[in-house]
Each structure stands twice: as C-alpha cells, then as structure tokens.
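Below is one structure; the comments refer to it alone.
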Amino acid sequence: MYKLILLEDENVLRQELAEFLGDLGYEVDAVATLAEFRQLYSASSHQMAVLDLTLPDGDGMNLIRELRQLGHRIGIVVLTARGGTPDKIAGLDEGADYYLAKTADLDELAATLAALKRRLALPEANGCWILEVGRRRLLPPGLSAIPLSRQDVTVLHTLMAAQGETVTRQHIVQALGEDFLHYDQRRLDTQIRRLRRKAEETLGIPLPVNTSRNVGYSFFAEALIRV
C-alpha cells in the first residue's frame, strides 16, 4: 500500500478526499496546515503528497520549494482553487509533478496519481496470485498465505475470475447473494478496505485491486483460482 499525505484545510473536503484516496488503496495521512504537514511528514514513508496551496498558516508553494531544496523525491500533486495558468506554471517550476484545479473530477485525480506512481516507478505486486477457494486463503507470488473469510473468498473469486476487467458493484453484490437495490454500498467498500489492509499488514505489500469510482473494482495482477 502506498502512503500518501494530504494537505487540505477545508474540513469537509479533506474528509471526502481522504475517504476517496483510501478507497483507491492509498494509506492516507490527512492534515490541515503547513505546521501539521511538517510535523507528520516522513521522507522514509510518504511516497506521494496531494497539496492545497492557500492555507491558514502560509502558502503551499513555499512547502514545495522547501521539499525540493531538501532533496525529497516525494511525488507531489497540487490540488488547488488557484487554477490560473501563471499559478500552474509557478507550481510546476517549484517542483510539483502535477497541478490540478479543484474543479477537476475525482477520477482525474485518481488517474493523475496512477500516472505519478508509474513515473516514480513505485513497486507493484508482480507475479501470479493464487486464490485457494476450499482452503480460504490467498497466495501472493513467493510469499506466505493470507487467510480469508467466506465473504473475502467470494469477492476475490469474482474479481480474479474477470482478471484485468472492471467488475461492477452490482455483479459483486449479487455474487455475495445480496439484493443490490437494498444493499448498503458502504459494506462493499469496507470489505475491499479490509482485504487491502490484510495484505498490507500480513505481508507489507499492496493488494492488486483498482477502484473505478462508482462503478466497481478490478484485479489487475495475474491470477489463478483453485477450487
């Protein structure tokens, strides 16, 4: 799981962004001020940052300049209301990798972060993942097994059977034996977060599951299912 630090001073937006990024599979530390960022930020653990610029205790441009002058290689995405061309040029010149206006769609933010991961060459989980249905466990390539619940097995079986393709929320919910029209969508999000946490906490690697916001999920690594 990739660790990301989010700097946004608007409380509601910060909570919404943190939840959205968590659903995408990032481990998110969310802060509201430059002072909180400097206190929490760790060069050894935070791989990416999403930064607002207009903050109660200063200008985020100064923070970007500071990070780059200190030699930090963290990937930086600016997400700000200051969307004019001069501001964008200044942000990129200071060292931001990408610069988005707050009018950007959340899916654009997700795509930008995915592109940044590729640009930074952050490690992905490679090799074949094996789902053993009867033994209720997931075998990552070359690593120990991850124990699963029955619901975990059902969700992973549904995703891995469609390897690389996005499986809709409705299809997953129906595989769980639930009525989609009366199903609380938050239960599925919690299920996916729990699976991601199991992989991270058990083995320290990300689960190869992508989120297509409001659509569904996909298992993007090579997969094999054993009944």
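As shown in the structure tokens, the chain order sets the letters A, B, ...; within each chain, residues go from 1, and ligands are also counted from 1 in the order they appear.
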
Contacts of A:Leu224 within 8 Å, only C-alpha atoms, excl. fewer than 4 positions in-chain, as a PyMOL selection string = chain A and resi 128-131+160

Exercise: A:His171 partners within 9 Å, only C-alpha atoms, chain neighbours under 3 positions left out, as a PyMOL selection string | chain A and resi 158+167-168+174-176+180+216

Would you list the contacts of A:Val209 as a VMD selection string, taking every protein, DNA or RNA residue within 8 Å and counting only C-alpha atoms, but skipping same-chain residues closer than 5 positions in sequence?
-> chain A and resid 25 217 to 220

Correct to one decimal, the distance atom CA of A:Gln191-atom CA of A:Glu108 is 24.5 Å

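Among the candidates A:Ala161, A:Ala101, A:Arg119, A:Pro208, the residue lying nearest to A:Ala221 is A:Pro208 (atoms considered: only C-alpha atoms).
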
Enumerate the residues of stretch 2-224 of chain A with a DSSP assignment of strand (DSSP E or B), computed from the backbone, and present them as an MDAnalysis selection string.
-> chainID A and resid 3:7 27:31 48:51 54:55 58:59 75:80 98:101 128:132 137:139 146:147 167:168 209:212 216:219 222:224

Give me the stretch 98-175 of chain A side of the contact with stretch 53-70 of chain A, cut-off 12 Å, one line per residue showing its nearest atom pair and distance in Å at one decimal, counting only C-alpha atoms, sorted by chain and residue number, as a Markdown table.
```
| residue | atom | partner | partner_atom | distance |
| --- | --- | --- | --- | --- |
| A:Tyr98 | CA | A:Ile64 | CA | 11.9 |
| A:Tyr99 | CA | A:Leu53 | CA | 10.7 |
| A:Leu100 | CA | A:Leu53 | CA | 11.2 |
| A:Ala101 | CA | A:Leu53 | CA | 10.7 |
| A:Lys102 | CA | A:Leu53 | CA | 11.0 |
```

Write out, as a short mmCIF file (atom, residue, chain, number, x, y, z; two decimals), in the first residue's frame, the residues just selected, with N, CA and C atoms.
```
data_model
loop_
_atom_site.label_atom_id
_atom_site.label_comp_id
_atom_site.auth_asym_id
_atom_site.auth_seq_id
_atom_site.Cartn_x
_atom_site.Cartn_y
_atom_site.Cartn_z
N TYR A 98 2.47 17.32 -10.77
CA TYR A 98 1.22 17.60 -11.48
C TYR A 98 0.50 18.73 -10.77
N TYR A 99 -0.31 19.47 -11.51
CA TYR A 99 -1.03 20.62 -10.96
C TYR A 99 -2.47 20.56 -11.44
N LEU A 100 -3.40 20.35 -10.50
CA LEU A 100 -4.83 20.24 -10.83
C LEU A 100 -5.62 21.35 -10.14
N ALA A 101 -6.62 21.86 -10.83
CA ALA A 101 -7.56 22.78 -10.20
C ALA A 101 -8.61 21.98 -9.44
N LYS A 102 -9.20 22.58 -8.42
CA LYS A 102 -10.19 21.87 -7.62
C LYS A 102 -11.47 21.57 -8.39
#
```

Among listed residues A:Glu165, A:Asp52, A:Glu222, A:Glu201, nearest A:Leu13 (using only C-alpha atoms) = A:Asp52

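Each of A:His46, A:Arg14, A:Arg196, A:His157 was compared to A:Val31 using only C-alpha atoms, and A:Arg14 turns out to be the nearest.
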